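Below is model.txt, which holds compact mmCIF, C-alpha atoms and all ligand atoms.
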# COMPACT_ATOMS: atom_id res chain seq x y z
CA MET M 1 -14.14 21.67 -23.77
CA ASP M 2 -11.64 19.13 -22.46
CA ILE M 3 -12.32 15.45 -22.92
CA ALA M 4 -12.97 14.69 -19.24
CA LYS M 5 -15.71 17.33 -19.14
CA GLN M 6 -17.21 16.02 -22.38
CA ILE M 7 -17.41 12.48 -21.01
CA THR M 8 -18.77 13.62 -17.66
CA GLY M 9 -21.70 15.18 -19.53
CA CYS M 10 -22.28 12.17 -21.79
CA GLN M 11 -25.83 10.80 -21.90
CA LEU M 12 -25.51 8.46 -24.89
CA CYS M 13 -26.79 5.47 -22.91
CA ALA M 14 -29.71 7.24 -21.20
CA GLU M 15 -32.39 5.27 -23.07
CA ARG M 16 -30.58 1.95 -22.60
CA PHE M 17 -30.20 2.49 -18.83
CA ALA M 18 -33.82 3.64 -18.48
CA LEU M 19 -34.87 0.18 -19.69
CA THR M 20 -32.88 -1.67 -16.99
CA LYS M 21 -34.30 -2.77 -13.66
CA THR M 22 -32.54 0.06 -11.82
CA ARG M 23 -33.72 2.67 -14.36
CA HIS M 24 -30.73 4.78 -13.49
CA VAL M 25 -29.43 7.75 -15.41
CA PRO M 26 -25.85 7.86 -16.77
CA ARG M 27 -23.31 9.04 -14.24
CA PRO M 28 -19.90 8.80 -15.92
CA VAL M 29 -16.98 8.27 -13.53
CA VAL M 30 -13.87 9.67 -15.23
CA TRP M 31 -10.63 9.61 -13.27
CA PHE M 32 -7.41 10.90 -14.80
CA ARG M 33 -5.10 13.80 -15.47
CA PRO M 34 -2.88 13.91 -18.56
CA SER M 35 0.27 13.51 -16.44
CA ALA M 36 -0.66 10.00 -15.23
CA ARG M 37 1.91 7.34 -16.10
CA ILE M 38 -0.01 4.30 -14.89
CA LEU M 39 -3.28 3.37 -16.58
CA ILE M 40 -5.83 1.03 -15.04
CA ALA M 41 -8.09 -0.08 -17.89
CA GLY M 42 -11.09 -1.65 -16.21
CA GLN M 43 -14.58 -2.84 -17.09
CA ALA M 44 -17.36 -0.50 -15.92
CA PRO M 45 -18.42 0.98 -12.58
CA GLY M 46 -20.60 -1.15 -10.34
CA ALA M 47 -23.61 0.16 -8.43
CA ARG M 48 -21.48 1.30 -5.47
CA VAL M 49 -19.20 3.33 -7.69
CA HIS M 50 -22.26 4.74 -9.48
CA ASN M 51 -23.33 6.11 -6.10
CA SER M 52 -19.92 7.23 -4.83
CA GLY M 53 -18.75 8.83 -8.10
CA ARG M 54 -15.24 7.48 -7.39
CA PRO M 55 -13.77 4.40 -9.08
CA PHE M 56 -13.14 1.18 -7.15
CA THR M 57 -14.78 2.30 -3.88
CA ASP M 58 -15.71 -1.32 -3.24
CA PRO M 59 -14.10 -4.65 -2.22
CA SER M 60 -12.76 -5.04 -5.77
CA GLY M 61 -10.84 -1.83 -5.22
CA ASP M 62 -9.38 -3.11 -1.93
CA ARG M 63 -8.16 -6.22 -3.73
CA LEU M 64 -6.76 -4.26 -6.68
CA ARG M 65 -4.88 -1.89 -4.36
CA ASP M 66 -3.42 -4.91 -2.58
CA TRP M 67 -2.36 -6.42 -5.92
CA MET M 68 -0.63 -3.13 -6.83
CA GLY M 69 0.87 -2.57 -3.38
CA VAL M 70 -0.54 0.96 -3.04
CA ASP M 71 -2.71 2.71 -0.46
CA LYS M 72 -5.80 4.77 -1.21
CA ALA M 73 -3.92 8.08 -1.24
CA ILE M 74 -1.68 6.93 -4.08
CA PHE M 75 -4.38 4.96 -5.87
CA TYR M 76 -6.59 8.05 -6.12
CA ASP M 77 -3.80 10.44 -7.11
CA ARG M 78 -4.94 11.26 -10.64
CA ASP M 79 -1.60 12.84 -11.49
CA GLN M 80 -0.04 9.40 -11.15
CA ILE M 81 -2.75 6.84 -11.87
CA ALA M 82 -5.51 7.06 -14.49
CA ILE M 83 -8.55 4.81 -14.01
CA LEU M 84 -10.38 4.49 -17.30
CA PRO M 85 -12.85 1.61 -17.71
CA MET M 86 -14.26 0.37 -20.99
CA ALA M 87 -17.51 2.15 -20.07
CA PHE M 88 -17.73 5.06 -17.66
CA CYS M 89 -21.22 4.34 -16.33
CA PHE M 90 -22.81 1.55 -14.32
CA PRO M 91 -24.57 -0.54 -17.01
CA GLY M 92 -27.27 -2.08 -14.77
CA TYR M 93 -27.95 -5.72 -13.87
CA ASP M 94 -28.82 -8.75 -15.98
CA ALA M 95 -31.57 -11.22 -15.03
CA LYS M 96 -29.18 -13.11 -12.73
CA GLY M 97 -28.15 -9.98 -10.84
CA SER M 98 -24.72 -9.70 -12.44
CA ASP M 99 -23.54 -6.43 -13.95
CA LEU M 100 -24.36 -6.06 -17.64
CA PRO M 101 -21.40 -5.76 -20.03
CA PRO M 102 -19.95 -2.30 -20.62
CA PRO M 103 -21.89 -0.70 -23.52
CA LYS M 104 -19.64 -0.91 -26.59
CA ILE M 105 -20.63 2.56 -27.72
CA CYS M 106 -18.60 3.99 -24.84
CA ALA M 107 -15.21 2.68 -25.97
CA ARG M 108 -16.14 3.39 -29.61
CA THR M 109 -16.91 7.00 -28.77
CA TRP M 110 -14.38 7.91 -26.13
CA ARG M 111 -11.43 5.55 -25.90
CA ALA M 112 -9.25 6.76 -28.77
CA PRO M 113 -9.44 10.51 -27.99
CA LEU M 114 -9.06 9.78 -24.30
CA LEU M 115 -5.89 7.72 -24.71
CA GLU M 116 -4.52 10.46 -26.92
CA ALA M 117 -5.22 13.03 -24.20
CA LEU M 118 -3.54 10.83 -21.63
CA GLY M 119 -0.10 11.12 -23.13
CA ASP M 120 2.87 9.27 -21.69
CA VAL M 121 1.54 6.08 -20.09
CA ARG M 122 4.34 3.71 -19.12
CA LEU M 123 2.46 0.94 -17.37
CA THR M 124 -1.00 -0.38 -18.28
CA LEU M 125 -3.04 -2.80 -16.19
CA LEU M 126 -5.71 -4.56 -18.27
CA VAL M 127 -8.29 -5.54 -15.69
CA GLY M 128 -10.72 -8.16 -16.98
CA GLY M 129 -11.66 -9.54 -20.38
CA TYR M 130 -13.28 -6.47 -21.93
CA ALA M 131 -10.25 -4.22 -21.46
CA GLN M 132 -7.93 -7.00 -22.58
CA ALA M 133 -9.88 -7.69 -25.78
CA TRP M 134 -9.89 -4.01 -26.70
CA HIS M 135 -6.27 -3.23 -25.89
CA LEU M 136 -4.73 -6.51 -27.05
CA GLY M 137 -7.09 -7.04 -29.99
CA ASP M 138 -7.05 -10.82 -29.64
CA LYS M 139 -9.69 -13.50 -29.05
CA SER M 140 -7.95 -15.29 -26.20
CA THR M 141 -9.32 -16.02 -22.72
CA VAL M 142 -8.58 -14.07 -19.55
CA THR M 143 -6.77 -17.06 -18.04
CA ALA M 144 -4.56 -17.52 -21.12
CA ARG M 145 -3.74 -13.82 -21.30
CA VAL M 146 -2.89 -13.55 -17.62
CA ALA M 147 -0.85 -16.77 -17.77
CA ALA M 148 1.16 -15.16 -20.61
CA TRP M 149 1.92 -12.08 -18.47
CA ARG M 150 5.67 -12.36 -19.06
CA GLU M 151 5.10 -11.95 -22.82
CA HIS M 152 3.10 -8.75 -22.31
CA GLY M 153 5.32 -7.24 -19.61
CA PRO M 154 7.00 -5.25 -18.37
CA ASP M 155 4.72 -2.41 -19.53
CA VAL M 156 1.39 -4.24 -19.84
CA PHE M 157 -0.14 -6.60 -17.29
CA PRO M 158 -3.35 -8.48 -18.10
CA LEU M 159 -5.13 -9.16 -14.79
CA PRO M 160 -8.34 -10.95 -13.83
CA HIS M 161 -11.08 -8.72 -12.49
CA PRO M 162 -10.50 -8.31 -8.72
CA SER M 163 -14.16 -9.09 -7.99
CA TRP M 164 -15.10 -11.63 -5.30
CA ARG M 165 -16.46 -13.69 -8.20
CA ASN M 166 -12.85 -14.49 -9.10
CA THR M 167 -11.79 -15.75 -5.67
CA ALA M 168 -12.07 -19.36 -6.87
CA TRP M 169 -9.97 -18.47 -9.94
CA LEU M 170 -7.26 -17.08 -7.66
CA LYS M 171 -7.26 -20.30 -5.64
CA ARG M 172 -6.97 -22.40 -8.79
CA ASN M 173 -4.08 -20.31 -10.11
CA PRO M 174 -1.66 -19.80 -7.18
CA TRP M 175 1.10 -18.66 -9.56
CA PHE M 176 -0.81 -15.40 -9.95
CA GLU M 177 -0.14 -14.34 -6.36
CA GLU M 178 3.23 -16.08 -6.03
CA GLU M 179 4.86 -15.08 -9.32
CA LEU M 180 2.97 -12.28 -11.06
CA LEU M 181 2.04 -10.02 -8.13
CA PRO M 182 5.60 -9.44 -6.80
CA VAL M 183 6.66 -8.34 -10.29
CA LEU M 184 3.59 -6.15 -10.72
CA ARG M 185 4.18 -4.45 -7.35
CA ALA M 186 7.79 -3.78 -8.25
CA ARG M 187 6.77 -2.23 -11.61
CA VAL M 188 4.13 -0.04 -9.97
CA ALA M 189 6.65 1.13 -7.34
CA GLU M 190 9.19 1.83 -10.07
CA GLU M 191 6.78 4.08 -12.02
CA LEU M 192 5.61 5.88 -8.89
CA SER M 193 9.19 6.68 -7.92
CA ARG M 194 10.06 8.35 -11.23
S1 LIG L 1 -21.43 4.48 -20.60
FE1 LIG L 1 -20.11 5.83 -21.79
S2 LIG L 1 -21.26 6.24 -23.69
FE2 LIG L 1 -22.71 5.43 -22.18
S3 LIG L 1 -23.57 7.30 -21.19
FE3 LIG L 1 -21.84 6.59 -19.92
S4 LIG L 1 -20.09 7.79 -20.69
FE4 LIG L 1 -21.69 7.90 -22.26

Would you mind writing the file's structure down as structure tokens?
Amino acid sequence: MDIAKQITGCQLCAERFALTKTRHVPRPVVWFRPSARILIAGQAPGARVHNSGRPFTDPSGDRLRDWMGVDKAIFYDRDQIAILPMAFCFPGYDAKGSDLPPPKICARTWRAPLLEALGDVRLTLLVGGYAQAWHLGDKSTVTARVAAWREHGPDVFPLPHPSWRNTAWLKRNPWFEEELLPVLRARVAEELSR
């Protein structure tokens, strides 16, 4: 069975999710084909994506598409763009109503074979701290990693999570929109035109 089908049927976190307030069952959202050259390594689906079964069908997705300079048709073209979060299921909410962290067992179980199946990725967007920690293997902060984007580029871009929760961060760091985003958009366009 191919890896996408294996993950889609994964129920490893069933007991963990049953203990959350939402008591939901795992619904892995896996979005890629081996030909994809751009990888979006994200965090975990939110409740809206859990319901839609499609990644980034929320305001975070609108912001991420704007950052990348692509429309929905391109963003959801799995032959070009793979969207693989650190956990494939909505993890539930914590006591404050924020999303719980992606269960570590997901990346431990699936990430290595999945990246192998993906093949020739030329541009990787590390969206948020969890994906950055895993892919970069450091103990830095999101702000420090994103600020060092020129050191990681041109094939890797650490990005903050495009959630509304980071709107204040974007205001505090205007260089992100003024300096990083034009370069990111150019790199995305370059890969899509190959
Ligand atoms: S989060 Fe990952 S490991 Fe947990 S049930 Fe979903 S696919 Fe499986």

Step by step, gather every atom of ligand LIG 1 (chain L) that the file lists, find the box along x, y and z that holds them, add 8 Å on each side, and finally give centre and edge lengths in Å to one decimal, as lines of an AutoDock Vina configuration file.
center_x = -21.8
center_y = 6.2
center_z = -21.8
size_x = 19.5
size_y = 19.4
size_z = 19.8

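Nearest to ligand LIG 1 (chain L) of all the residues M:Ile3, M:Cys13, M:Val121, M:Leu100 is M:Cys13, counting only C-alpha atoms and all ligand atoms.
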
With a cut-off of 8 Å, could you pull out the residues of chain M touching ligand LIG 1 (chain L) and give me the nearest pair of atoms for each, distance in Å to one decimal, using all atoms listed in the file, ordered by chain and ascending number, as a Markdown table?
| residue | atom | partner | partner_atom | distance |
| --- | --- | --- | --- | --- |
| M:Ile7 | CA | L:LIG1 | S4 | 5.4 |
| M:Thr8 | CA | L:LIG1 | S4 | 6.7 |
| M:Gly9 | CA | L:LIG1 | S4 | 7.7 |
| M:Cys10 | CA | L:LIG1 | FE4 | 4.3 |
| M:Gln11 | CA | L:LIG1 | S3 | 4.2 |
| M:Leu12 | CA | L:LIG1 | S3 | 4.3 |
| M:Cys13 | CA | L:LIG1 | S3 | 4.1 |
| M:Ala14 | CA | L:LIG1 | S3 | 6.1 |
| M:Pro26 | CA | L:LIG1 | S3 | 5.0 |
| M:Arg27 | CA | L:LIG1 | FE3 | 6.4 |
| M:Pro28 | CA | L:LIG1 | S4 | 4.9 |
| M:Val29 | CA | L:LIG1 | S4 | 7.8 |
| M:Ala44 | CA | L:LIG1 | S1 | 8.0 |
| M:Ala87 | CA | L:LIG1 | S1 | 4.6 |
| M:Phe88 | CA | L:LIG1 | S4 | 4.7 |
| M:Cys89 | CA | L:LIG1 | S1 | 4.3 |
| M:Phe90 | CA | L:LIG1 | S1 | 7.1 |
| M:Pro91 | CA | L:LIG1 | S1 | 6.9 |
| M:Pro102 | CA | L:LIG1 | S1 | 6.9 |
| M:Pro103 | CA | L:LIG1 | S1 | 6.0 |
| M:Lys104 | CA | L:LIG1 | S2 | 7.9 |
| M:Ile105 | CA | L:LIG1 | S2 | 5.5 |
| M:Cys106 | CA | L:LIG1 | S2 | 3.7 |
| M:Ala107 | CA | L:LIG1 | FE1 | 7.2 |
| M:Thr109 | CA | L:LIG1 | S2 | 6.7 |
| M:Trp110 | CA | L:LIG1 | FE1 | 7.5 |

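CA of Thr124 (chain M) is positioned 9.4 Å from CA of Gly153 (chain M).
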
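Taking CA of Leu181 (chain M) as the reference point, CA of Ser98 (chain M) is found at 27.1 Å.
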
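If you look at CA of Trp134 (chain M) and CA of Pro101 (chain M), they are 13.4 Å away from each other.
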
Closest of M:Asp79, M:Asp99, M:Asp66, M:Glu151 to Pro45 (chain M), counting only C-alpha atoms, is M:Asp99

Counting all atoms listed in the file, closest pick from M:Pro55, M:Gly46, M:Pro158, M:Gly69 relative to Tyr130 (chain M) is M:Pro158

From the list M:Trp175, M:Phe56, M:Trp164, M:Tyr76, the nearest residue to Gln43 (chain M) using only C-alpha atoms is M:Phe56

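Restricting the calculation to only C-alpha atoms, the smallest distance between Asp62 (chain M) and any of M:Ala4, M:Ile74, M:Glu116, M:Pro162 is found for M:Pro162.
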